[in-house]
>>> print(open('target.pdb').read())   # PDB, C-alpha atoms
ATOM      1  CA  GLU A   1    -101.406  11.054   5.905  1.00  0.00           C
ATOM      2  CA  TYR A   2    -102.358  14.447   4.468  1.00  0.00           C
ATOM      3  CA  ASP A   3    -104.016  15.301   1.163  1.00  0.00           C
ATOM      4  CA  ASP A   4    -103.561  18.843  -0.202  1.00  0.00           C
ATOM      5  CA  LEU A   5    -101.412  19.918   2.748  1.00  0.00           C
ATOM      6  CA  GLN A   6    -101.383  23.736   2.814  1.00  0.00           C
ATOM      7  CA  VAL A   7     -97.886  25.192   2.504  1.00  0.00           C
ATOM      8  CA  SER A   8     -96.425  28.696   2.322  1.00  0.00           C
ATOM      9  CA  ALA A   9     -93.214  29.847   0.625  1.00  0.00           C
ATOM     10  CA  LEU A  10     -91.512  33.254   0.710  1.00  0.00           C
ATOM     11  CA  VAL A  11     -91.096  34.226  -2.963  1.00  0.00           C
ATOM     12  CA  GLY A  12     -89.656  37.697  -3.520  1.00  0.00           C
ATOM     13  CA  ASP A  13     -91.468  39.876  -1.002  1.00  0.00           C
ATOM     14  CA  VAL A  14     -94.693  37.874  -0.665  1.00  0.00           C
ATOM     15  CA  PHE A  15     -95.711  34.550   0.836  1.00  0.00           C
ATOM     16  CA  ARG A  16     -97.075  32.228  -1.825  1.00  0.00           C
ATOM     17  CA  VAL A  17     -99.673  29.869  -0.348  1.00  0.00           C
ATOM     18  CA  GLY A  18    -100.443  26.603  -2.104  1.00  0.00           C
ATOM     19  CA  ASN A  19    -100.984  22.901  -1.569  1.00  0.00           C
ATOM     20  CA  ALA A  20     -98.665  19.937  -1.573  1.00  0.00           C
ATOM     21  CA  GLY A  21    -100.361  16.928  -3.147  1.00  0.00           C
ATOM     22  CA  GLU A  22     -99.765  14.394  -0.386  1.00  0.00           C
ATOM     23  CA  ALA A  23     -97.650  14.222   2.768  1.00  0.00           C
ATOM     24  CA  VAL A  24     -96.889  11.519   5.321  1.00  0.00           C
ATOM     25  CA  SER A  25     -95.762  11.951   8.930  1.00  0.00           C
ATOM     26  CA  GLN A  26     -94.911   8.885  10.991  1.00  0.00           C
ATOM     27  CA  GLY A  27     -92.524   7.903  13.755  1.00  0.00           C
ATOM     28  CA  VAL A  28     -92.047   6.536  17.227  1.00  0.00           C
ATOM     29  CA  GLU A  29     -91.234   8.088  20.598  1.00  0.00           C
ATOM     30  CA  VAL A  30     -90.156   6.473  23.869  1.00  0.00           C
ATOM     31  CA  ASP A  31     -89.897   8.305  27.169  1.00  0.00           C
ATOM     32  CA  GLY A  32     -89.693   7.425  30.847  1.00  0.00           C
ATOM     33  CA  ARG A  33     -88.904   8.659  34.335  1.00  0.00           C
ATOM     34  CA  TRP A  34     -87.088   6.806  37.095  1.00  0.00           C
ATOM     35  CA  LEU A  35     -87.147   7.525  40.819  1.00  0.00           C
ATOM     36  CA  LEU A  36     -83.637   6.409  41.749  1.00  0.00           C
ATOM     37  CA  SER A  37     -83.973   7.491  45.373  1.00  0.00           C
ATOM     38  CA  ASP A  38     -86.149   9.673  47.563  1.00  0.00           C
ATOM     39  CA  ARG A  39     -84.089  12.642  46.374  1.00  0.00           C
ATOM     40  CA  LEU A  40     -83.027  11.863  42.802  1.00  0.00           C
ATOM     41  CA  THR A  41     -85.256  11.498  39.730  1.00  0.00           C
ATOM     42  CA  ILE A  42     -84.037  11.153  36.154  1.00  0.00           C
ATOM     43  CA  GLY A  43     -85.916  11.104  32.871  1.00  0.00           C
ATOM     44  CA  ALA A  44     -85.171  10.594  29.200  1.00  0.00           C
ATOM     45  CA  SER A  45     -86.906  10.504  25.840  1.00  0.00           C
ATOM     46  CA  VAL A  46     -85.930   9.752  22.262  1.00  0.00           C
ATOM     47  CA  ALA A  47     -88.000  10.215  19.106  1.00  0.00           C
ATOM     48  CA  TYR A  48     -87.599   9.218  15.465  1.00  0.00           C
ATOM     49  CA  LEU A  49     -89.660  11.124  12.884  1.00  0.00           C
ATOM     50  CA  ASP A  50     -90.135  10.205   9.222  1.00  0.00           C
ATOM     51  CA  ALA A  51     -92.067  13.117   7.665  1.00  0.00           C
ATOM     52  CA  TYR A  52     -91.992  13.679   3.910  1.00  0.00           C
ATOM     53  CA  TYR A  53     -93.943  14.835   0.863  1.00  0.00           C
ATOM     54  CA  ASP A  54     -95.423  11.826  -0.860  1.00  0.00           C
ATOM     55  CA  ASP A  55     -96.402  13.998  -3.841  1.00  0.00           C
ATOM     56  CA  PHE A  56     -95.343  17.630  -4.266  1.00  0.00           C
ATOM     57  CA  SER A  57     -94.611  18.990  -7.725  1.00  0.00           C
ATOM     58  CA  GLY A  58     -94.554  22.712  -8.488  1.00  0.00           C
ATOM     59  CA  ALA A  59     -92.897  23.751  -5.217  1.00  0.00           C
ATOM     60  CA  ALA A  60     -91.078  27.086  -5.046  1.00  0.00           C
ATOM     61  CA  CYS A  61     -87.587  27.020  -6.562  1.00  0.00           C
ATOM     62  CA  THR A  62     -84.447  28.054  -4.694  1.00  0.00           C
ATOM     63  CA  ILE A  63     -82.614  31.272  -5.538  1.00  0.00           C
ATOM     64  CA  PRO A  64     -79.599  29.325  -6.931  1.00  0.00           C
ATOM     65  CA  GLN A  65     -81.981  27.345  -9.183  1.00  0.00           C
ATOM     66  CA  VAL A  66     -83.467  30.582 -10.543  1.00  0.00           C
ATOM     67  CA  SER A  67     -80.244  32.594 -10.870  1.00  0.00           C
ATOM     68  CA  ASP A  68     -78.051  29.764 -12.224  1.00  0.00           C
ATOM     69  CA  PRO A  69     -80.242  26.901 -13.462  1.00  0.00           C
ATOM     70  CA  ALA A  70     -77.423  25.331 -15.485  1.00  0.00           C
ATOM     71  CA  ASN A  71     -75.431  24.518 -12.335  1.00  0.00           C
ATOM     72  CA  ASN A  72     -78.490  24.090 -10.082  1.00  0.00           C
ATOM     73  CA  PRO A  73     -80.976  22.050 -12.107  1.00  0.00           C
ATOM     74  CA  GLY A  74     -84.447  21.043 -10.983  1.00  0.00           C
ATOM     75  CA  CYS A  75     -86.575  24.134 -11.571  1.00  0.00           C
ATOM     76  CA  THR A  76     -88.817  23.624 -14.592  1.00  0.00           C
ATOM     77  CA  ARG A  77     -91.738  25.187 -16.424  1.00  0.00           C
ATOM     78  CA  PRO A  78     -95.178  23.505 -16.271  1.00  0.00           C
ATOM     79  CA  ASP A  79     -94.331  21.666 -19.519  1.00  0.00           C
ATOM     80  CA  GLY A  80     -91.235  20.142 -17.887  1.00  0.00           C
ATOM     81  CA  THR A  81     -88.579  22.160 -19.714  1.00  0.00           C
ATOM     82  CA  PRO A  82     -85.819  23.858 -17.676  1.00  0.00           C
ATOM     83  CA  ILE A  83     -86.196  27.551 -16.911  1.00  0.00           C
ATOM     84  CA  GLU A  84     -83.837  30.233 -18.171  1.00  0.00           C
ATOM     85  CA  PRO A  85     -81.657  32.280 -15.757  1.00  0.00           C
ATOM     86  CA  GLY A  86     -83.804  34.789 -13.845  1.00  0.00           C
ATOM     87  CA  GLU A  87     -87.074  33.327 -15.121  1.00  0.00           C
ATOM     88  CA  THR A  88     -89.876  33.272 -12.542  1.00  0.00           C
ATOM     89  CA  GLY A  89     -92.885  31.003 -12.409  1.00  0.00           C
ATOM     90  CA  GLY A  90     -91.016  27.711 -12.452  1.00  0.00           C
ATOM     91  CA  GLY A  91     -91.353  24.932  -9.900  1.00  0.00           C
ATOM     92  CA  GLN A  92     -89.375  22.029  -8.470  1.00  0.00           C
ATOM     93  CA  ASP A  93     -90.475  18.530  -7.492  1.00  0.00           C
ATOM     94  CA  LEU A  94     -90.082  17.879  -3.740  1.00  0.00           C
ATOM     95  CA  THR A  95     -91.669  14.428  -3.754  1.00  0.00           C
ATOM     96  CA  ASP A  96     -90.004  12.212  -1.089  1.00  0.00           C
ATOM     97  CA  GLU A  97     -88.257  15.250   0.461  1.00  0.00           C
ATOM     98  CA  ASP A  98     -88.568  16.204   4.145  1.00  0.00           C
ATOM     99  CA  LEU A  99     -91.379  18.273   5.615  1.00  0.00           C
ATOM    100  CA  LEU A 100     -90.490  21.502   7.398  1.00  0.00           C
ATOM    101  CA  TYR A 101     -89.507  21.415  11.084  1.00  0.00           C
ATOM    102  CA  SER A 102     -89.120  17.643  11.050  1.00  0.00           C
ATOM    103  CA  PRO A 103     -85.731  16.520  12.409  1.00  0.00           C
ATOM    104  CA  ASP A 104     -85.171  12.786  12.031  1.00  0.00           C
ATOM    105  CA  TRP A 105     -84.001  12.394  15.634  1.00  0.00           C
ATOM    106  CA  SER A 106     -84.618  14.310  18.837  1.00  0.00           C
ATOM    107  CA  ALA A 107     -83.808  13.408  22.428  1.00  0.00           C
ATOM    108  CA  ASN A 108     -83.908  14.717  25.985  1.00  0.00           C
ATOM    109  CA  PHE A 109     -82.277  13.809  29.277  1.00  0.00           C
ATOM    110  CA  ASN A 110     -83.276  15.460  32.545  1.00  0.00           C
ATOM    111  CA  ALA A 111     -82.510  15.085  36.233  1.00  0.00           C
ATOM    112  CA  GLU A 112     -83.837  16.527  39.481  1.00  0.00           C
ATOM    113  CA  TYR A 113     -82.234  16.348  42.922  1.00  0.00           C
ATOM    114  CA  VAL A 114     -83.996  17.597  46.043  1.00  0.00           C
ATOM    115  CA  ALA A 115     -81.994  18.065  49.244  1.00  0.00           C
ATOM    116  CA  PRO A 116     -83.662  19.046  52.544  1.00  0.00           C
ATOM    117  CA  ILE A 117     -82.250  21.999  54.471  1.00  0.00           C
ATOM    118  CA  GLY A 118     -83.510  21.813  58.030  1.00  0.00           C
ATOM    119  CA  ASP A 119     -87.191  21.098  58.572  1.00  0.00           C
ATOM    120  CA  ASN A 120     -88.755  23.756  56.350  1.00  0.00           C
ATOM    121  CA  LEU A 121     -86.511  24.320  53.313  1.00  0.00           C
ATOM    122  CA  GLU A 122     -85.430  22.391  50.229  1.00  0.00           C
ATOM    123  CA  LEU A 123     -82.642  22.866  47.712  1.00  0.00           C
ATOM    124  CA  ARG A 124     -83.838  21.794  44.267  1.00  0.00           C
ATOM    125  CA  LEU A 125     -81.350  21.129  41.461  1.00  0.00           C
ATOM    126  CA  ASN A 126     -82.620  20.567  37.914  1.00  0.00           C
ATOM    127  CA  ALA A 127     -80.762  20.033  34.655  1.00  0.00           C
ATOM    128  CA  ASP A 128     -81.799  18.978  31.160  1.00  0.00           C
ATOM    129  CA  ILE A 129     -80.032  18.274  27.878  1.00  0.00           C
ATOM    130  CA  ASN A 130     -81.992  18.589  24.623  1.00  0.00           C
ATOM    131  CA  TYR A 131     -80.903  17.430  21.175  1.00  0.00           C
ATOM    132  CA  ASN A 132     -82.471  17.773  17.736  1.00  0.00           C
ATOM    133  CA  ASP A 133     -81.273  16.688  14.305  1.00  0.00           C
ATOM    134  CA  GLU A 134     -80.984  18.826  11.169  1.00  0.00           C
ATOM    135  CA  PHE A 135     -84.196  20.258   9.699  1.00  0.00           C
ATOM    136  CA  TYR A 136     -85.545  22.835   7.247  1.00  0.00           C
ATOM    137  CA  SER A 137     -87.757  25.857   7.883  1.00  0.00           C
ATOM    138  CA  ALA A 138     -87.853  27.220   4.288  1.00  0.00           C
ATOM    139  CA  LEU A 139     -90.259  25.488   1.925  1.00  0.00           C
ATOM    140  CA  ASP A 140     -87.895  25.435  -1.070  1.00  0.00           C
ATOM    141  CA  LEU A 141     -85.455  23.250   0.958  1.00  0.00           C
ATOM    142  CA  ASP A 142     -82.479  25.331  -0.153  1.00  0.00           C
ATOM    143  CA  PRO A 143     -79.400  23.596   1.384  1.00  0.00           C
ATOM    144  CA  ASN A 144     -78.149  27.037   2.483  1.00  0.00           C
ATOM    145  CA  THR A 145     -81.155  27.346   4.830  1.00  0.00           C
ATOM    146  CA  GLU A 146     -80.809  23.989   6.571  1.00  0.00           C
ATOM    147  CA  HIS A 147     -80.669  24.204  10.377  1.00  0.00           C
ATOM    148  CA  ASP A 148     -77.738  22.314  11.865  1.00  0.00           C
ATOM    149  CA  SER A 149     -78.198  19.744  14.600  1.00  0.00           C
ATOM    150  CA  ALA A 150     -77.938  21.265  18.064  1.00  0.00           C
ATOM    151  CA  THR A 151     -77.655  20.291  21.718  1.00  0.00           C
ATOM    152  CA  LYS A 152     -78.777  22.689  24.444  1.00  0.00           C
ATOM    153  CA  VAL A 153     -78.135  22.458  28.171  1.00  0.00           C
ATOM    154  CA  ASN A 154     -80.315  24.150  30.795  1.00  0.00           C
ATOM    155  CA  ALA A 155     -80.020  24.188  34.596  1.00  0.00           C
ATOM    156  CA  ARG A 156     -81.940  25.534  37.583  1.00  0.00           C
ATOM    157  CA  ILE A 157     -80.975  25.886  41.258  1.00  0.00           C
ATOM    158  CA  ALA A 158     -83.817  26.813  43.599  1.00  0.00           C
ATOM    159  CA  LEU A 159     -84.376  27.328  47.318  1.00  0.00           C
ATOM    160  CA  ALA A 160     -87.971  26.753  48.416  1.00  0.00           C
ATOM    161  CA  ASP A 161     -90.036  25.997  51.457  1.00  0.00           C
ATOM    162  CA  VAL A 162     -91.334  22.428  51.726  1.00  0.00           C
ATOM    163  CA  SER A 163     -94.956  23.505  51.187  1.00  0.00           C
ATOM    164  CA  ASP A 164     -93.893  25.160  47.893  1.00  0.00           C
ATOM    165  CA  THR A 165     -95.431  28.466  48.947  1.00  0.00           C
ATOM    166  CA  TRP A 166     -92.361  30.396  47.794  1.00  0.00           C
ATOM    167  CA  SER A 167     -89.134  29.812  45.930  1.00  0.00           C
ATOM    168  CA  ILE A 168     -86.193  31.737  44.558  1.00  0.00           C
ATOM    169  CA  ALA A 169     -84.107  30.295  41.738  1.00  0.00           C
ATOM    170  CA  LEU A 170     -81.094  30.894  39.528  1.00  0.00           C
ATOM    171  CA  ILE A 171     -81.809  29.717  35.977  1.00  0.00           C
ATOM    172  CA  GLY A 172     -79.382  29.149  33.119  1.00  0.00           C
ATOM    173  CA  LYS A 173     -80.667  28.584  29.572  1.00  0.00           C
ATOM    174  CA  ASN A 174     -78.564  27.378  26.639  1.00  0.00           C
ATOM    175  CA  LEU A 175     -75.467  27.218  28.833  1.00  0.00           C
ATOM    176  CA  THR A 176     -73.212  26.061  25.994  1.00  0.00           C
ATOM    177  CA  ASP A 177     -74.318  29.116  23.979  1.00  0.00           C
ATOM    178  CA  GLU A 178     -75.460  27.184  20.908  1.00  0.00           C
ATOM    179  CA  THR A 179     -76.269  29.395  17.914  1.00  0.00           C
ATOM    180  CA  THR A 180     -79.704  28.368  16.618  1.00  0.00           C
ATOM    181  CA  ALA A 181     -82.533  30.011  14.686  1.00  0.00           C
ATOM    182  CA  VAL A 182     -86.313  29.837  14.589  1.00  0.00           C
ATOM    183  CA  TRP A 183     -86.408  30.426  10.825  1.00  0.00           C
ATOM    184  CA  GLN A 184     -83.894  30.708   7.971  1.00  0.00           C
ATOM    185  CA  ASN A 185     -84.657  31.846   4.418  1.00  0.00           C
ATOM    186  CA  ASP A 186     -83.537  33.878   1.406  1.00  0.00           C
ATOM    187  CA  VAL A 187     -83.253  37.653   1.775  1.00  0.00           C
ATOM    188  CA  PRO A 188     -86.556  38.983   0.318  1.00  0.00           C
ATOM    189  CA  THR A 189     -86.936  41.064  -2.866  1.00  0.00           C
ATOM    190  CA  GLN A 190     -83.551  40.196  -4.346  1.00  0.00           C
ATOM    191  CA  ALA A 191     -81.974  37.183  -6.025  1.00  0.00           C
ATOM    192  CA  SER A 192     -78.566  37.820  -4.462  1.00  0.00           C
ATOM    193  CA  ASN A 193     -77.943  34.373  -2.970  1.00  0.00           C
ATOM    194  CA  SER A 194     -78.054  36.050   0.449  1.00  0.00           C
ATOM    195  CA  TYR A 195     -79.775  34.561   3.460  1.00  0.00           C
ATOM    196  CA  PHE A 196     -81.104  35.638   6.833  1.00  0.00           C
ATOM    197  CA  ALA A 197     -82.065  33.946  10.082  1.00  0.00           C
ATOM    198  CA  VAL A 198     -84.316  34.771  13.037  1.00  0.00           C
ATOM    199  CA  PRO A 199     -82.097  33.789  15.978  1.00  0.00           C
ATOM    200  CA  GLU A 200     -83.174  32.082  19.156  1.00  0.00           C
ATOM    201  CA  ARG A 201     -82.004  33.362  22.521  1.00  0.00           C
ATOM    202  CA  PRO A 202     -78.289  32.819  23.229  1.00  0.00           C
ATOM    203  CA  ARG A 203     -76.969  31.805  26.651  1.00  0.00           C
ATOM    204  CA  SER A 204     -78.963  33.581  29.366  1.00  0.00           C
ATOM    205  CA  ILE A 205     -78.910  33.717  33.141  1.00  0.00           C
ATOM    206  CA  ALA A 206     -81.950  34.824  35.152  1.00  0.00           C
ATOM    207  CA  ILE A 207     -83.229  35.037  38.704  1.00  0.00           C
ATOM    208  CA  GLN A 208     -86.764  33.830  39.328  1.00  0.00           C
ATOM    209  CA  ALA A 209     -88.880  34.452  42.425  1.00  0.00           C
ATOM    210  CA  ARG A 210     -92.283  32.913  43.014  1.00  0.00           C
ATOM    211  CA  TYR A 211     -94.911  33.165  45.741  1.00  0.00           C
ATOM    212  CA  ARG A 212     -98.222  31.279  45.854  1.00  0.00           C
ATOM    213  CA  PHE A 213    -101.201  32.831  47.624  1.00  0.00           C
TER     214      PHE A 213
END
>>> encode(input="target.pdb", output="C-alpha cells")
Amino acid sequence: EYDDLQVSALVGDVFRVGNAGEAVSQGVEVDGRWLLSDRLTIGASVAYLDAYYDDFSGAACTIPQVSDPANNPGCTRPDGTPIEPGETGGGQDLTDEDLLYSPDWSANFNAEYVAPIGDNLELRLNADINYNDEFYSALDLDPNTEHDSATKVNARIALADVSDTWSIALIGKNLTDETTAVWQNDVPTQASNSYFAVPERPRSIAIQARYRF
C-alpha cells in the first residue's frame, strides 16, 4: 500500500510530477524448475498482479477528453464542472484504475537440453516463451496508448567445453517478430490526437563468443 505515490505525466511538452492519493499493489506468483533427466530441465512461472489506484483524483486528462469533452467526458475543473473544448488545467479521477506497467497476467516457460559431444564438448539448447497481458505506460490511461498482450520466443544454441571455459552460441531473440514498445504516449506539444511509441527490438539473430580466464 502506497500513500502519496509519486507519478509523472507528459502534458504538452513537459512532464508534470504529482502525487496519487493512495495505491495498492498485490498479487501472487508461482514458479518452479524440474530436472526431467540428466540432460533435460524445464521451468515455468505464472504471476497474477492486481495493482490499482485506491484514490487518485486530479490525474492528467487524455487528449480526446481535452479536445472533445462532450464525447469523451471525465475531465473536470476543481469544482467538478466539465471543462470546455481545449481548456487546460482540468483533471480526471483514476480511482480504481490500473497502475502503469502492471499487466494482470504474465507467464514464462523455459527449457534446456544438454547433449555431450565426445569427452570434452557439450551442445546446449535453450528456449523460452514469455507472455504478458495488456498494460499502460501513459499516466492518463488513454485507451489509444494501451500496450497489447504479447508473447515472445527466444532460443539459444551453444557449443562449449565441459569446464565452461569457452563457448560459442547462436542466439535468436523475439523469433516471432512481435511488435512491442517500451512506452506509448501522445505526441507532445499538440492536441492532434496523434500518438507515438518507443519500440523494443524486433526479431534479431546474433553470434556470441565467450572465454573465461
>>> residues_around(input="target.pdb", residues="Ser8 (chain A)", least_positions_apart="2", cutoff="10 Å", atoms="all atoms listed in the file", output="list of chain:residue names")
A:Gln6, A:Leu10, A:Val11, A:Val14, A:Phe15, A:Arg16, A:Val17, A:Gly18, A:Asn19, A:Ala20, A:Ala59, A:Ala60, A:Ala138, A:Leu139, A:Asp140
>>> resolve_selection(input="target.pdb", expression="the PyMOL selection byres ((chain A and resi 149-165) around 8)", output="MDAnalysis selection string")
chainID A and resid 120:135 147:148 166:178 180 211:213
>>> closest_atom_pairs(input="target.pdb", of="region 8-120 of chain A", to="region 190-199 of chain A", cutoff="12 Å", atoms="all atoms listed in the file", output="Markdown table")
| residue | atom | partner | partner_atom | distance |
| --- | --- | --- | --- | --- |
| A:Leu10 | CA | A:Gln190 | CA | 11.7 |
| A:Val11 | CA | A:Gln190 | CA | 9.7 |
| A:Gly12 | CA | A:Gln190 | CA | 6.6 |
| A:Asp13 | CA | A:Gln190 | CA | 8.6 |
| A:Val14 | CA | A:Gln190 | CA | 12.0 |
| A:Cys61 | CA | A:Ala191 | CA | 11.6 |
| A:Thr62 | CA | A:Asn193 | CA | 9.2 |
| A:Ile63 | CA | A:Ala191 | CA | 6.0 |
| A:Pro64 | CA | A:Asn193 | CA | 6.6 |
| A:Gln65 | CA | A:Asn193 | CA | 10.2 |
| A:Val66 | CA | A:Ala191 | CA | 8.1 |
| A:Ser67 | CA | A:Ala191 | CA | 6.9 |
| A:Asp68 | CA | A:Asn193 | CA | 10.3 |
| A:Pro85 | CA | A:Ala191 | CA | 10.9 |
| A:Gly86 | CA | A:Ala191 | CA | 8.4 |
| A:Glu87 | CA | A:Ala191 | CA | 11.1 |
| A:Thr88 | CA | A:Ala191 | CA | 11.0 |
>>> atom_distance(input="target.pdb", atom1="CA of Ile42 (chain A)", atom2="CA of Ala115 (chain A)")
14.9 Å
>>> resolve_selection(input="target.pdb", expression="the PyMOL selection byres ((chain A and resi 46) around 8)", output="MDAnalysis selection string")
chainID A and resid 29:31 44:45 47:48 105:108
>>> resolve_selection(input="target.pdb", expression="the PyMOL selection byres ((chain A and resi 21) around 12)", output="list in words")
Glu1, Tyr2, Asp3, Asp4, Leu5, Gln6, Val7, Gly18, Asn19, Ala20, Glu22, Ala23, Val24, Tyr52, Tyr53, Asp54, Asp55, Phe56, Ser57, Gly58, Ala59, Asp93, Leu94, Thr95 and Asp96 of chain A
>>> write_last_selection(input="target.pdb", atoms="C-alpha atoms", output="PDB file, keeping the file's coordinate frame")
ATOM      1  CA  GLU A   1    -101.406  11.054   5.905  1.00  0.00           C
ATOM      2  CA  TYR A   2    -102.358  14.447   4.468  1.00  0.00           C
ATOM      3  CA  ASP A   3    -104.016  15.301   1.163  1.00  0.00           C
ATOM      4  CA  ASP A   4    -103.561  18.843  -0.202  1.00  0.00           C
ATOM      5  CA  LEU A   5    -101.412  19.918   2.748  1.00  0.00           C
ATOM      6  CA  GLN A   6    -101.383  23.736   2.814  1.00  0.00           C
ATOM      7  CA  VAL A   7     -97.886  25.192   2.504  1.00  0.00           C
ATOM      8  CA  GLY A  18    -100.443  26.603  -2.104  1.00  0.00           C
ATOM      9  CA  ASN A  19    -100.984  22.901  -1.569  1.00  0.00           C
ATOM     10  CA  ALA A  20     -98.665  19.937  -1.573  1.00  0.00           C
ATOM     11  CA  GLU A  22     -99.765  14.394  -0.386  1.00  0.00           C
ATOM     12  CA  ALA A  23     -97.650  14.222   2.768  1.00  0.00           C
ATOM     13  CA  VAL A  24     -96.889  11.519   5.321  1.00  0.00           C
ATOM     14  CA  TYR A  52     -91.992  13.679   3.910  1.00  0.00           C
ATOM     15  CA  TYR A  53     -93.943  14.835   0.863  1.00  0.00           C
ATOM     16  CA  ASP A  54     -95.423  11.826  -0.860  1.00  0.00           C
ATOM     17  CA  ASP A  55     -96.402  13.998  -3.841  1.00  0.00           C
ATOM     18  CA  PHE A  56     -95.343  17.630  -4.266  1.00  0.00           C
ATOM     19  CA  SER A  57     -94.611  18.990  -7.725  1.00  0.00           C
ATOM     20  CA  GLY A  58     -94.554  22.712  -8.488  1.00  0.00           C
ATOM     21  CA  ALA A  59     -92.897  23.751  -5.217  1.00  0.00           C
ATOM     22  CA  ASP A  93     -90.475  18.530  -7.492  1.00  0.00           C
ATOM     23  CA  LEU A  94     -90.082  17.879  -3.740  1.00  0.00           C
ATOM     24  CA  THR A  95     -91.669  14.428  -3.754  1.00  0.00           C
ATOM     25  CA  ASP A  96     -90.004  12.212  -1.089  1.00  0.00           C
TER      26      ASP A  96
END
>>> atom_distance(input="target.pdb", atom1="CA of Val28 (chain A)", atom2="CA of Asp104 (chain A)")
10.6 Å
>>> closest_residue(input="target.pdb", among="A:Asn71, A:Ala181, A:Val187, A:Val114", to="Pro202 (chain A)", atoms="all atoms listed in the file")
A:Ala181
>>> closest_residue(input="target.pdb", among="A:Thr41, A:Val182, A:Gly27, A:Leu36", to="Asn110 (chain A)", atoms="all atoms listed in the file")
A:Thr41
>>> atom_distance(input="target.pdb", atom1="CA of Glu97 (chain A)", atom2="CA of Thr81 (chain A)")
21.3 Å
>>> closest_residue(input="target.pdb", among="A:Ala9, A:Ala51, A:Gly91, A:Glu146", to="Pro69 (chain A)", atoms="all atoms listed in the file")
A:Gly91
>>> build_atoms(input="target.pdb", residues="region 173-191 of chain A", atoms="N, CA and C atoms", output="PDB file, in the frame of the given file")
ATOM      1  N   LYS A 173     -80.131  29.152  30.808  1.00  0.00           N
ATOM      2  CA  LYS A 173     -80.667  28.584  29.572  1.00  0.00           C
ATOM      3  C   LYS A 173     -79.576  28.583  28.497  1.00  0.00           C
ATOM      4  N   ASN A 174     -79.533  27.506  27.733  1.00  0.00           N
ATOM      5  CA  ASN A 174     -78.564  27.378  26.639  1.00  0.00           C
ATOM      6  C   ASN A 174     -77.146  27.665  27.143  1.00  0.00           C
ATOM      7  N   LEU A 175     -76.733  26.934  28.158  1.00  0.00           N
ATOM      8  CA  LEU A 175     -75.467  27.218  28.833  1.00  0.00           C
ATOM      9  C   LEU A 175     -74.244  27.045  27.934  1.00  0.00           C
ATOM     10  N   THR A 176     -74.338  26.224  26.920  1.00  0.00           N
ATOM     11  CA  THR A 176     -73.212  26.061  25.994  1.00  0.00           C
ATOM     12  C   THR A 176     -73.238  27.096  24.877  1.00  0.00           C
ATOM     13  N   ASP A 177     -74.209  27.996  24.926  1.00  0.00           N
ATOM     14  CA  ASP A 177     -74.318  29.116  23.979  1.00  0.00           C
ATOM     15  C   ASP A 177     -74.380  28.636  22.534  1.00  0.00           C
ATOM     16  N   GLU A 178     -75.252  27.664  22.273  1.00  0.00           N
ATOM     17  CA  GLU A 178     -75.460  27.184  20.908  1.00  0.00           C
ATOM     18  C   GLU A 178     -76.122  28.277  20.065  1.00  0.00           C
ATOM     19  N   THR A 179     -75.661  28.440  18.837  1.00  0.00           N
ATOM     20  CA  THR A 179     -76.269  29.395  17.914  1.00  0.00           C
ATOM     21  C   THR A 179     -77.334  28.675  17.087  1.00  0.00           C
ATOM     22  N   THR A 180     -78.592  29.011  17.322  1.00  0.00           N
ATOM     23  CA  THR A 180     -79.704  28.368  16.618  1.00  0.00           C
ATOM     24  C   THR A 180     -80.680  29.443  16.148  1.00  0.00           C
ATOM     25  N   ALA A 181     -81.575  29.061  15.247  1.00  0.00           N
ATOM     26  CA  ALA A 181     -82.533  30.011  14.686  1.00  0.00           C
ATOM     27  C   ALA A 181     -83.921  29.404  14.631  1.00  0.00           C
ATOM     28  N   VAL A 182     -84.926  30.259  14.735  1.00  0.00           N
ATOM     29  CA  VAL A 182     -86.313  29.837  14.589  1.00  0.00           C
ATOM     30  C   VAL A 182     -86.635  29.604  13.117  1.00  0.00           C
ATOM     31  N   TRP A 183     -86.070  30.468  12.246  1.00  0.00           N
ATOM     32  CA  TRP A 183     -86.408  30.426  10.825  1.00  0.00           C
ATOM     33  C   TRP A 183     -85.219  30.923  10.025  1.00  0.00           C
ATOM     34  N   GLN A 184     -84.957  30.298   8.878  1.00  0.00           N
ATOM     35  CA  GLN A 184     -83.894  30.708   7.971  1.00  0.00           C
ATOM     36  C   GLN A 184     -84.441  30.700   6.552  1.00  0.00           C
ATOM     37  N   ASN A 185     -84.098  31.745   5.765  1.00  0.00           N
ATOM     38  CA  ASN A 185     -84.657  31.846   4.418  1.00  0.00           C
ATOM     39  C   ASN A 185     -83.794  32.771   3.564  1.00  0.00           C
ATOM     40  N   ASP A 186     -84.215  32.940   2.288  1.00  0.00           N
ATOM     41  CA  ASP A 186     -83.537  33.878   1.406  1.00  0.00           C
ATOM     42  C   ASP A 186     -83.880  35.309   1.821  1.00  0.00           C
ATOM     43  N   VAL A 187     -82.958  36.239   1.564  1.00  0.00           N
ATOM     44  CA  VAL A 187     -83.253  37.653   1.775  1.00  0.00           C
ATOM     45  C   VAL A 187     -84.327  38.063   0.769  1.00  0.00           C
ATOM     46  N   PRO A 188     -85.455  38.652   1.229  1.00  0.00           N
ATOM     47  CA  PRO A 188     -86.556  38.983   0.318  1.00  0.00           C
ATOM     48  C   PRO A 188     -86.178  40.041  -0.716  1.00  0.00           C
ATOM     49  N   THR A 189     -86.937  40.042  -1.798  1.00  0.00           N
ATOM     50  CA  THR A 189     -86.936  41.064  -2.866  1.00  0.00           C
ATOM     51  C   THR A 189     -85.699  41.066  -3.738  1.00  0.00           C
ATOM     52  N   GLN A 190     -84.737  40.178  -3.488  1.00  0.00           N
ATOM     53  CA  GLN A 190     -83.551  40.196  -4.346  1.00  0.00           C
ATOM     54  C   GLN A 190     -83.004  38.787  -4.514  1.00  0.00           C
ATOM     55  N   ALA A 191     -82.556  38.492  -5.734  1.00  0.00           N
ATOM     56  CA  ALA A 191     -81.974  37.183  -6.025  1.00  0.00           C
ATOM     57  C   ALA A 191     -80.458  37.267  -5.889  1.00  0.00           C
TER      58      ALA A 191
END
